[in-house]
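Undergrad: Have a peek at my_file_24.cif (mmCIF, C-alpha atoms).
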data_my_file
loop_
_atom_site.label_atom_id
_atom_site.label_comp_id
_atom_site.auth_asym_id
_atom_site.auth_seq_id
_atom_site.Cartn_x
_atom_site.Cartn_y
_atom_site.Cartn_z
CA MET Q 136 126.96 84.47 55.85
CA ILE Q 137 124.22 85.86 53.76
CA ASN Q 138 121.11 83.86 53.20
CA ASP Q 139 120.64 84.22 49.50
CA LYS Q 140 117.00 83.35 49.51
CA VAL Q 141 115.86 86.15 51.77
CA GLY Q 142 118.83 88.51 51.76
CA LEU Q 143 119.24 88.53 55.56
CA ASN Q 144 122.54 88.47 57.33
CA VAL Q 145 122.64 85.29 59.39
CA LEU Q 146 124.90 85.49 62.41
CA GLN Q 147 124.60 82.06 63.84
CA ASN Q 148 122.84 78.95 62.91
CA VAL Q 149 121.22 77.41 65.94
CA GLY Q 150 119.63 74.01 65.67
CA LYS Q 151 116.09 75.23 65.44
CA GLY Q 152 116.66 78.36 63.37
CA ASP Q 153 119.03 81.19 62.56
CA ILE Q 154 120.05 84.16 64.60
CA ILE Q 155 119.80 87.08 62.28
CA GLN Q 156 121.33 90.49 62.56
CA MET Q 157 118.77 93.18 63.07
CA LYS Q 158 117.93 95.16 59.99
CA ILE Q 159 117.63 98.80 60.84
CA MET Q 160 115.39 100.98 58.75
CA ASP Q 161 116.46 104.27 60.25
CA GLU Q 162 119.81 105.13 61.77
CA ARG Q 163 118.07 106.47 64.85
CA HIS Q 164 116.65 103.07 65.70
CA THR Q 165 118.53 100.98 68.23
CA ASN Q 166 120.54 98.07 66.99
CA ASP Q 167 121.89 95.04 68.72
CA LEU Q 168 125.21 96.61 69.62
CA PRO Q 169 126.04 96.75 73.31
CA ILE Q 170 124.57 99.76 75.13
CA GLN Q 171 126.91 102.73 75.34
CA LYS Q 172 127.47 103.92 78.85
CA THR Q 173 126.70 107.62 79.34
CA PRO Q 174 128.75 109.57 81.88
CA ASP Q 175 125.70 109.74 84.11
CA SER Q 176 125.41 106.04 84.52
CA THR Q 177 129.08 105.55 85.34
CA ALA Q 178 128.57 106.91 88.81
CA LEU Q 179 130.44 104.95 91.38
CA ASN Q 180 127.64 104.68 93.85
CA PHE Q 181 124.31 106.08 94.81
CA ALA Q 182 125.79 108.91 96.81
CA GLU Q 183 127.68 110.31 93.86
CA LEU Q 184 124.62 110.05 91.64
CA MET Q 185 122.56 111.99 94.16
CA ASN Q 186 125.31 114.53 94.52
CA ARG Q 187 125.47 115.18 90.81
CA ALA Q 188 121.72 115.59 90.56
CA LEU Q 189 121.66 118.00 93.46
CA GLN Q 190 124.48 120.00 91.88
CA LYS Q 191 122.39 120.44 88.76
CA VAL Q 192 119.40 121.62 90.78
CA ASN Q 193 121.62 124.02 92.67
CA ASP Q 194 123.00 125.38 89.41
CA GLN Q 195 119.51 126.10 88.20
CA SER Q 196 118.72 127.89 91.41
CA ILE Q 197 121.89 129.97 91.13
CA THR Q 198 121.06 130.96 87.54
CA ALA Q 199 117.61 132.07 88.62
CA GLU Q 200 119.06 134.24 91.38
CA LYS Q 201 121.65 135.78 89.07
CA LEU Q 202 118.94 136.65 86.58
CA GLN Q 203 116.90 138.28 89.31
CA GLN Q 204 119.86 140.42 90.26
CA GLN Q 205 120.39 141.35 86.62
CA MET Q 206 116.75 142.30 86.32
CA ILE Q 207 117.21 144.98 88.95
CA SER Q 208 120.65 146.30 88.19
CA ASP Q 209 120.68 146.05 84.38
CA PRO Q 210 117.18 145.86 82.94
CA THR Q 211 118.21 146.22 79.30
CA SER Q 212 120.24 143.03 79.25
CA VAL Q 213 117.54 140.59 80.25
CA GLN Q 214 113.97 139.86 79.21
CA MET Q 215 111.17 139.37 81.68
CA HIS Q 216 110.11 135.96 80.44
CA THR Q 217 113.69 134.68 80.80
CA VAL Q 218 113.68 135.63 84.45
CA THR Q 219 110.29 134.12 85.24
CA ILE Q 220 110.93 130.92 83.32
CA ALA Q 221 114.25 130.40 85.10
CA ALA Q 222 112.58 131.03 88.46
CA GLU Q 223 109.80 128.55 87.70
CA LYS Q 224 112.27 125.93 86.50
CA ALA Q 225 114.28 126.26 89.68
CA ARG Q 226 111.17 125.95 91.81
CA MET Q 227 109.97 122.85 89.96
CA ALA Q 228 113.37 121.24 90.20
CA ILE Q 229 113.50 121.88 93.93
CA THR Q 230 109.97 120.55 94.41
CA PHE Q 231 110.67 117.32 92.56
CA THR Q 232 113.98 116.82 94.29
CA LYS Q 233 112.46 117.37 97.71
CA SER Q 234 109.62 114.87 97.11
CA ILE Q 235 111.97 112.27 95.72
CA THR Q 236 114.52 112.62 98.49
CA ASP Q 237 111.77 112.48 101.08
CA LEU Q 238 110.46 109.30 99.54
CA ALA Q 239 113.96 107.83 99.36
CA VAL Q 240 114.63 108.61 103.00
CA LYS Q 241 111.27 107.15 104.04
CA THR Q 242 111.91 104.02 102.02
CA TYR Q 243 115.34 103.60 103.55
CA ARG Q 244 113.89 104.00 107.01
CA ASP Q 245 111.20 101.47 106.28
CA LEU Q 246 113.73 98.99 104.98
CA VAL Q 247 115.97 99.41 107.99
CA ASN Q 248 113.04 99.03 110.36
CA LEU Q 249 111.81 95.86 108.72
CA ARG Q 250 113.38 93.80 111.40
CA MET P 772 110.60 148.41 96.03
CA ASP P 773 111.11 151.44 98.23
CA THR P 774 112.84 153.08 95.32
CA GLU P 775 109.81 152.49 93.15
CA MET P 776 107.59 154.20 95.72
CA ILE P 777 109.88 157.24 95.76
CA ARG P 778 110.01 157.25 92.00
CA ARG P 779 106.23 157.18 91.78
CA LYS P 780 105.99 160.26 93.98
CA VAL P 781 108.54 162.12 91.90
CA ILE P 782 106.81 161.23 88.64
CA ALA P 783 103.42 162.24 90.02
CA ASN P 784 104.92 165.57 90.99
CA ASN P 785 106.33 165.98 87.49
CA ILE P 786 102.98 165.26 85.89
CA ALA P 787 101.10 167.60 88.19
CA ASN P 788 103.46 170.42 87.31
CA ALA P 789 103.22 169.82 83.60
CA ASP P 790 101.84 173.29 82.92
CA VAL P 791 103.96 175.37 85.21
CA PRO P 792 106.45 177.59 83.37
CA HIS P 793 110.09 177.11 84.24
CA PHE P 794 109.45 173.89 86.10
CA LYS P 795 112.19 171.36 85.50
CA ARG P 796 111.58 167.69 85.91
CA SER P 797 113.39 165.61 88.48
CA GLU P 798 114.32 161.98 88.26
CA VAL P 799 115.45 159.26 90.64
CA THR P 800 118.63 157.29 90.09
CA PHE P 801 119.17 154.06 91.93
CA GLU P 802 119.93 151.14 89.63
CA ALA P 803 123.10 152.68 88.27
CA GLY P 804 124.47 153.16 91.78
CA LEU P 805 123.56 149.61 92.71
CA ARG P 806 125.25 148.28 89.61
CA ARG P 807 128.36 150.27 90.35
CA ALA P 808 128.45 148.84 93.87
CA LEU P 809 128.04 145.27 92.64
CA ASP P 810 130.68 145.72 89.96
CA SER P 811 133.08 147.22 92.47
CA GLU P 812 132.76 144.05 94.53
CA LYS P 813 133.73 142.01 91.49
CA VAL P 814 136.74 144.23 90.83
CA VAL P 815 138.02 143.82 94.35
CA LYS P 816 137.74 140.05 94.10
CA GLU P 817 139.61 139.87 90.81
CA ASN P 818 142.14 142.48 91.81
CA THR P 819 145.51 140.82 91.82
CA VAL P 820 147.59 143.51 93.48
CA PRO P 821 146.40 144.32 96.96
CA THR P 822 147.64 147.56 98.40
CA ARG P 823 150.03 147.47 101.27
CA MET P 824 149.22 150.23 103.64
CA SER P 825 151.50 151.29 106.42
CA ASN P 826 148.67 152.89 108.31
CA GLU P 827 145.17 151.55 108.23
CA LYS P 828 143.76 155.01 107.69
CA HIS P 829 145.35 155.22 104.25
CA ILE P 830 143.16 154.80 101.19
CA PRO P 831 143.54 151.52 99.29
CA PHE P 832 143.50 151.27 95.49
CA PHE P 833 140.17 149.56 95.20
CA LYS P 834 137.55 149.87 97.81
CA SER P 835 134.39 147.89 97.34
CA ILE P 836 131.13 149.72 97.90
CA ASP P 837 128.64 147.94 100.10
CA TYR P 838 125.57 147.38 97.97
CA LYS P 839 123.35 147.58 101.01
CA SER P 840 124.27 151.21 101.50
CA VAL P 841 123.18 152.41 98.05
CA LYS P 842 120.27 154.82 98.33
CA PRO P 843 118.07 156.33 95.63
CA LYS P 844 118.93 159.91 94.73
CA THR P 845 116.62 162.52 93.26
CA HIS P 846 118.16 164.75 90.63
CA LEU P 847 116.80 167.91 89.10
CA ASP P 848 117.12 167.81 85.32
CA TYR P 849 117.73 171.47 84.60
CA LEU P 850 119.70 171.18 81.42
CA THR P 851 117.05 170.40 78.82
CA THR P 852 114.19 172.56 77.64
CA MET P 853 111.03 171.26 76.07
CA ARG P 854 108.80 174.25 75.53
CA ASN P 855 109.07 177.96 75.15
CA ASP P 856 107.98 178.75 78.66
CA GLY P 857 111.00 176.98 80.18
CA ASN P 858 109.04 173.90 81.17
CA ASN P 859 110.77 170.65 80.26
CA ILE P 860 108.14 168.05 81.00
CA ASP P 861 107.07 165.69 78.28
CA PRO P 862 103.71 164.23 79.36
CA GLU P 863 104.19 161.09 77.31
CA LYS P 864 107.52 160.31 78.87
CA GLU P 865 106.17 160.83 82.37
CA MET P 866 103.19 158.58 81.70
CA GLN P 867 105.40 155.86 80.29
CA ASP P 868 107.80 156.20 83.19
CA MET P 869 104.87 155.68 85.49
CA LEU P 870 103.86 152.58 83.54
CA LYS P 871 107.39 151.19 83.69
CA ASN P 872 107.45 151.96 87.39
CA GLN P 873 104.25 150.01 87.94
CA LEU P 874 105.44 147.03 85.91
CA ARG P 875 108.73 146.96 87.75
CA TYR P 876 106.98 147.07 91.08
CA GLN P 877 104.78 144.16 90.06
CA ALA P 878 107.76 142.20 88.83
CA LEU P 879 109.70 142.81 92.06
CA SER P 880 106.80 141.84 94.27
CA GLY P 881 106.22 138.72 92.17
CA MET P 882 109.83 137.72 92.55
CA LEU P 883 109.73 138.30 96.31
CA ASN P 884 106.61 136.19 96.53
CA HIS P 885 108.24 133.44 94.53
CA ASN P 886 111.33 133.38 96.69
CA ASN P 887 109.22 133.17 99.81
CA ARG P 888 107.23 130.31 98.38
CA VAL P 889 110.34 128.31 97.50
CA LEU P 890 111.68 128.89 100.98
CA HIS P 891 108.47 127.64 102.55
CA LEU P 892 108.60 124.63 100.29
CA VAL P 893 112.01 123.62 101.47
CA MET P 894 111.20 124.28 105.11
CA ARG P 895 108.27 121.86 105.19
CA PRO P 896 109.03 118.63 107.07
CA ALA P 897 108.99 115.30 105.26
CA MET D 1328 113.28 144.92 79.57
CA PHE D 1329 111.38 148.03 78.58
CA GLU D 1330 112.83 148.85 75.20
CA VAL D 1331 109.43 148.50 73.56
CA ILE D 1332 107.97 151.14 75.84
CA ASN D 1333 110.85 153.51 75.20
CA THR D 1334 110.53 153.20 71.45
CA ALA D 1335 106.77 153.67 71.48
CA THR D 1336 107.16 156.71 73.71
CA THR D 1337 109.37 158.43 71.16
CA GLY D 1338 106.56 157.87 68.67
CA LEU D 1339 104.02 159.39 71.03
CA THR D 1340 106.16 162.44 71.66
CA ALA D 1341 106.74 162.99 67.96
CA GLN D 1342 103.03 162.75 67.15
CA ARG D 1343 102.13 165.12 69.93
CA LEU D 1344 104.63 167.64 68.60
CA LYS D 1345 103.18 167.24 65.13
CA MET D 1346 99.73 167.91 66.54
CA ASP D 1347 101.00 171.05 68.26
CA VAL D 1348 102.46 172.31 65.00
CA ILE D 1349 99.25 171.56 63.12
CA SER D 1350 97.14 173.42 65.65
CA ASN D 1351 99.56 176.34 65.46
CA ASN D 1352 99.19 176.37 61.69
CA ILE D 1353 95.41 176.34 61.86
CA ALA D 1354 95.30 179.05 64.49
CA ASN D 1355 97.57 181.29 62.42
CA ALA D 1356 95.81 180.68 59.15
CA SER D 1357 95.01 184.37 58.69
CA THR D 1358 98.02 186.01 60.21
CA THR D 1359 99.40 188.57 57.81
CA ARG D 1360 102.00 190.14 60.05
CA THR D 1361 104.70 188.31 61.98
CA THR D 1362 107.80 189.39 63.85
CA GLU D 1363 110.01 188.05 61.06
CA GLY D 1364 108.21 190.23 58.57
CA GLY D 1365 105.68 189.02 56.06
CA PRO D 1366 102.79 186.69 56.58
CA TYR D 1367 102.88 183.49 58.61
CA ARG D 1368 104.26 180.52 56.71
CA ARG D 1369 103.07 177.06 57.63
CA ARG D 1370 105.47 174.99 59.62
CA ARG D 1371 106.28 171.34 59.19
CA VAL D 1372 107.86 168.73 61.39
CA VAL D 1373 110.72 166.67 59.98
CA LEU D 1374 111.13 163.22 61.55
CA GLN D 1375 114.04 160.83 61.44
CA PRO D 1376 114.61 157.37 62.92
CA VAL D 1377 117.03 157.09 65.80
CA ASN D 1378 119.85 155.01 64.47
CA LEU D 1379 121.32 152.23 66.46
CA ARG D 1380 124.74 152.23 64.88
CA THR D 1381 127.08 154.60 63.15
CA ASN D 1382 125.98 157.00 60.50
CA TRP D 1383 129.15 157.18 58.48
CA ARG D 1384 130.37 154.54 56.13
CA SER D 1385 133.80 153.15 56.55
CA PRO D 1386 135.74 150.42 54.79
CA VAL D 1387 136.37 148.80 58.15
CA HIS D 1388 132.74 148.37 59.12
CA PRO D 1389 130.97 145.37 57.66
CA HIS D 1390 127.96 146.09 55.56
CA GLY D 1391 125.43 144.51 57.83
CA LEU D 1392 126.48 146.38 60.95
CA ARG D 1393 123.27 148.32 61.27
CA THR D 1394 121.21 145.42 62.52
CA GLY D 1395 118.89 145.04 65.43
CA GLU D 1396 115.94 147.12 66.45
CA GLY D 1397 116.11 150.87 66.24
CA LYS D 1398 115.33 153.12 69.14
CA GLY D 1399 112.40 155.05 67.77
CA VAL D 1400 111.90 158.39 66.07
CA ARG D 1401 113.25 161.83 66.70
CA VAL D 1402 112.33 165.26 65.48
CA VAL D 1403 115.08 166.81 63.38
CA LYS D 1404 113.62 170.26 63.05
CA ILE D 1405 110.46 172.25 62.62
CA GLU D 1406 110.91 174.00 59.34
CA ARG D 1407 108.95 176.66 57.58
CA ASP D 1408 107.45 175.82 54.25
CA GLU D 1409 109.15 178.39 52.03
CA LYS D 1410 108.31 176.89 48.67
CA ALA D 1411 104.51 177.04 48.55
CA ASP D 1412 102.97 180.18 47.15
CA LEU D 1413 101.15 182.55 49.40
CA ARG D 1414 97.51 183.24 49.02
CA LEU D 1415 96.83 186.66 47.55
CA VAL D 1416 93.67 188.64 48.26
CA PHE D 1417 92.95 191.96 46.65
CA ASP D 1418 92.21 194.47 49.39
CA PRO D 1419 93.85 197.89 48.99
CA ALA D 1420 92.32 199.19 52.21
CA HIS D 1421 94.15 196.59 54.34
CA PRO D 1422 97.10 198.05 56.31
CA ASP D 1423 99.34 195.19 55.17
CA ALA D 1424 98.60 195.58 51.50
CA ILE D 1425 101.60 195.69 49.20
CA LYS D 1426 102.27 199.25 48.21
CA ILE D 1427 104.54 198.98 45.20
CA GLY D 1428 105.26 196.66 42.35
CA PRO D 1429 103.04 194.47 40.17
CA LYS D 1430 101.17 193.09 43.20
CA LYS D 1431 100.00 196.50 44.34
CA GLY D 1432 96.91 196.36 46.52
CA TYR D 1433 97.12 192.63 47.25
CA VAL D 1434 97.44 191.23 50.76
CA GLU D 1435 99.52 188.10 51.30
CA TYR D 1436 97.79 185.51 53.42
CA PRO D 1437 99.48 182.40 54.80
CA ASN D 1438 99.71 179.28 52.67
CA VAL D 1439 97.81 177.16 55.18
CA ASN D 1440 95.29 174.86 53.56
CA PRO D 1441 92.81 173.71 56.24
CA VAL D 1442 92.05 170.48 54.41
CA THR D 1443 95.70 169.45 54.37
CA GLU D 1444 96.02 170.30 58.04
CA MET D 1445 92.94 168.25 58.94
CA VAL D 1446 94.23 165.25 57.05
CA ASP D 1447 97.60 165.56 58.80
CA MET D 1448 95.81 165.82 62.11
CA ILE D 1449 93.86 162.62 61.48
CA ALA D 1450 97.05 160.83 60.48
CA ALA D 1451 98.84 162.04 63.61
CA SER D 1452 96.01 160.96 65.87
CA ARG D 1453 95.81 157.50 64.29
CA SER D 1454 99.53 157.12 64.63
CA TYR D 1455 99.27 158.10 68.29
CA GLU D 1456 96.60 155.49 68.80
CA ALA D 1457 98.73 152.86 67.11
CA ASN D 1458 101.64 153.59 69.44
CA VAL D 1459 99.35 153.32 72.43
CA GLN D 1460 98.19 149.93 71.14
CA VAL D 1461 101.80 148.81 70.98
CA ILE D 1462 102.33 149.75 74.59
CA ASN D 1463 99.14 148.01 75.68
CA GLY D 1464 100.19 144.92 73.80
CA TYR D 1465 103.53 144.90 75.56
CA LYS D 1466 101.83 145.40 78.91
CA GLY D 1467 99.78 142.28 78.18
CA MET D 1468 102.89 140.31 77.31
CA PHE D 1469 104.60 141.41 80.48
CA ASN D 1470 101.63 140.33 82.59
CA GLN D 1471 101.59 136.97 80.81
CA ALA D 1472 105.22 136.49 81.74
CA MET D 1473 104.32 137.31 85.35
CA GLN D 1474 101.61 134.64 85.28
CA LEU D 1475 104.33 132.01 85.11
CA ILE D 1476 105.25 132.57 88.75
CA ARG D 1477 101.68 132.76 89.92
#
I need this file expressed as structure tokens, please.
TA:
Amino acid sequence: MINDKVGLNVLQNVGKGDIIQMKIMDERHTNDLPIQKTPDSTALNFAELMNRALQKVNDQSITAEKLQQQMISDPTSVQMHTVTIAAEKARMAITFTKSITDLAVKTYRDLVNLR
Amino acid sequence: MDTEMIRRKVIANNIANADVPHFKRSEVTFEAGLRRALDSEKVVKENTVPTRMSNEKHIPFFKSIDYKSVKPKTHLDYLTTMRNDGNNIDPEKEMQDMLKNQLRYQALSGMLNHNNRVLHLVMRPA
Amino acid sequence: MFEVINTATTGLTAQRLKMDVISNNIANASTTRTTEGGPYRRRRVVLQPVNLRTNWRSPVHPHGLRTGEGKGVRVVKIERDEKADLRLVFDPAHPDAIKIGPKKGYVEYPNVNPVTEMVDMIAASRSYEANVQVINGYKGMFNQAMQLIR
């Protein structure tokens, strides 16, 4: 039902006031529809989530190594900055993953040893 | 990196003999051999028809080359001529080859360093 | 990885060759007798870009096939300048003087103009410098890329 005075779309009339549908100025803004589940968040459990993340880190590491090999055997096909950027990305990914997993393991140990 | 050291010696020799008549330049080939060895490994993996040999001393269709056994080879480039006195050294090319050699050496050592660092990172205890 | 260096090197080689030809011209500016007969004629270097793709046109190839960076410059030939007139100096006592015809008593000197040669030399040396700057620039870029894995 449209409130003619203000032009807003009233969804429900509660005793004290109206519940109004959100008016979105830009299509990129979030609306009040239910949140779409991305494939990432449909992981079954923590283990699978960790596994997927580690796979991605491993993939980055593999790409970096392949580029290094290409740099030596076929220099014309690859640029130097590509190789170094891939190597740095892999290293950063591994660093972050290591710190986070270390923290997670420490936290788990702390929780288990609470008693 | 060993290849780059050999290459540097060869290029220095070329440059030093830039004025000698009838001196032909030599060059070092390594990357092409390495690439061939790596590609041959790929071929053997994707090869669908393995050879059936009645005696193990027979030669199979595809034999993969071990990339660890590829060595740099020095060739004498005697086919081209640059100047009238039979010398075929182009000083610019030799200088630029030396520059490329240096850059490659730096890149390789940087990569080695990086790999070592990542390894150390992972080895550290929590 | 090193295409820039290869391309700039072709430029350096071409300019060095041009310089050699210019110095040859200047050195032979008064040579009246050569093995080919006649006075020395100034030589010129003809340059051409190294093409990346095909040279011939074909209905099968799309029009924009020749894209991407070229691979530098190459020397097509070193040709003699046949068209310019020779310099004539009247000197009947010279052993190479022309004996018969309307130009009797004149000696033919090469058509080398020192001013032109000097200008060409300056152009060649500036071009050489520019190519060296290109290589230095690329060296800097390469080192910057190496800084990433410091």
Undergrad: Would you kindly report the residues of chain D within 8 Å of chain P, using only C-alpha atoms, as an MDAnalysis selection string?
TA: chainID D and resid 1329 1332:1333 1336 1339:1340 1469 1473 1476:1477
Undergrad: May I have the protein, DNA and RNA residues with any atom at most 12 Å from the point (107.4, 129.5, 97.3), counting only C-alpha atoms, written as a PyMOL selection string?
TA: (chain Q and resi 222-223+225-227+229-230) or (chain P and resi 881-895) or (chain D and resi 1476-1477)
Undergrad: Spell out the residues picked by the PyMOL selection byres ((chain D and resi 1422-1436) around 10) here, as a list in words.
TA: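 When the PyMOL selection byres ((chain D and resi 1422-1436) around 10) is applied to the shown file, the picked residues are Asn1355, Ala1356, Ser1357, Thr1358, Thr1359, Arg1360, Gly1365, Pro1366, Tyr1367, Arg1368, Asp1412, Leu1413, Arg1414, Leu1415, Val1416, Phe1417, Asp1418, Pro1419, Ala1420, His1421, Pro1437, Asn1438 and Val1439 of chain D.
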Undergrad: Limited to C-alpha atoms, could you put the picked residues into a file as a compact mmCIF listing (two decimals), keeping the file's coordinate frame?
TA:
# COMPACT_ATOMS: atom_id res chain seq x y z
CA ASN D 1355 97.57 181.29 62.42
CA ALA D 1356 95.81 180.68 59.15
CA SER D 1357 95.01 184.37 58.69
CA THR D 1358 98.02 186.01 60.21
CA THR D 1359 99.40 188.57 57.81
CA ARG D 1360 102.00 190.14 60.05
CA GLY D 1365 105.68 189.02 56.06
CA PRO D 1366 102.79 186.69 56.58
CA TYR D 1367 102.88 183.49 58.61
CA ARG D 1368 104.26 180.52 56.71
CA ASP D 1412 102.97 180.18 47.15
CA LEU D 1413 101.15 182.55 49.40
CA ARG D 1414 97.51 183.24 49.02
CA LEU D 1415 96.83 186.66 47.55
CA VAL D 1416 93.67 188.64 48.26
CA PHE D 1417 92.95 191.96 46.65
CA ASP D 1418 92.21 194.47 49.39
CA PRO D 1419 93.85 197.89 48.99
CA ALA D 1420 92.32 199.19 52.21
CA HIS D 1421 94.15 196.59 54.34
CA PRO D 1437 99.48 182.40 54.80
CA ASN D 1438 99.71 179.28 52.67
CA VAL D 1439 97.81 177.16 55.18
Undergrad: Select all residues from chain Q having any atom no more than 7 Å from an atom of chain P (counting all atoms listed in the file, ignoring ligands), output as a ChimeraX atom specification.
TA: /Q:207-208,226,237
Undergrad: Written as a PyMOL selection string, what is the full residue list that the PyMOL selection byres ((chain P and resi 854) around 12) yields on the file shown?
TA: (chain P and resi 789-795+851-853+855-862) or (chain D and resi 1344+1347)
Undergrad: Which value, in Å to one decimal, gives the distance between CA of Glu812 in chain P and CA of Leu847 in chain P?
TA: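 Taking CA of Glu812 in chain P and CA of Leu847 in chain P, their separation equals 29.2 Å.
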Undergrad: Can you give me, as a PDB file with C-alpha atoms, in the coordinates of the input, the residues this file yields under the PyMOL selection byres ((chain Q) within 9 of (chain D))?
TA:
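Result file part-v5.pdb:
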ATOM      1  CA  MET Q 206     116.750 142.300  86.320  1.00  0.00           C
ATOM      2  CA  ASP Q 209     120.680 146.050  84.380  1.00  0.00           C
ATOM      3  CA  PRO Q 210     117.180 145.860  82.940  1.00  0.00           C
ATOM      4  CA  THR Q 211     118.210 146.220  79.300  1.00  0.00           C
ATOM      5  CA  SER Q 212     120.240 143.030  79.250  1.00  0.00           C
ATOM      6  CA  VAL Q 213     117.540 140.590  80.250  1.00  0.00           C
ATOM      7  CA  GLN Q 214     113.970 139.860  79.210  1.00  0.00           C
ATOM      8  CA  MET Q 215     111.170 139.370  81.680  1.00  0.00           C
ATOM      9  CA  HIS Q 216     110.110 135.960  80.440  1.00  0.00           C
ATOM     10  CA  THR Q 217     113.690 134.680  80.800  1.00  0.00           C
ATOM     11  CA  VAL Q 218     113.680 135.630  84.450  1.00  0.00           C
ATOM     12  CA  THR Q 219     110.290 134.120  85.240  1.00  0.00           C
ATOM     13  CA  ILE Q 220     110.930 130.920  83.320  1.00  0.00           C
ATOM     14  CA  ALA Q 222     112.580 131.030  88.460  1.00  0.00           C
ATOM     15  CA  GLU Q 223     109.800 128.550  87.700  1.00  0.00           C
TER      16      GLU Q 223
END
Undergrad: Around the point (117.3, 152.3, 97.7) (coordinates from the file), which residues reach within 9 Å if we count only C-alpha atoms? Answer as an MDAnalysis selection string.
TA: chainID P and resid 772:775 801:802 805 839:844
Undergrad: Which residues come within 8 Å of Ile1349 in chain D, counting all atoms listed in the file, excluding same-chain residues fewer than 6 positions away, as a PyMOL selection string?
TA: chain D and resi 1370+1444+1447-1448
Undergrad: One decimal, Å: what's the distance from CA of Arg1371 in chain D over to CA of Ile1405 in chain D, could you say?
TA: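 CA of Ile1405 in chain D lies 5.5 Å from CA of Arg1371 in chain D.
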Undergrad: Suppose you want the space between CA of Thr1334 in chain D and CA of Ala199 in chain Q; what is it in Å?
TA: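 Taking CA of Thr1334 in chain D as the start and CA of Ala199 in chain Q as the end point, the length is 28.1 Å.
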Undergrad: I'd like the neighbourhood of Gly1399 in chain D as a list of chain:residue names, where a residue qualifies if any of its atoms comes within 8 Å (using only C-alpha atoms), though same-chain residues fewer than 4 positions away should be ignored.
TA: D:Asn1333, D:Thr1334, D:Ala1335, D:Thr1337, D:Gly1338, D:Pro1376, D:Val1377
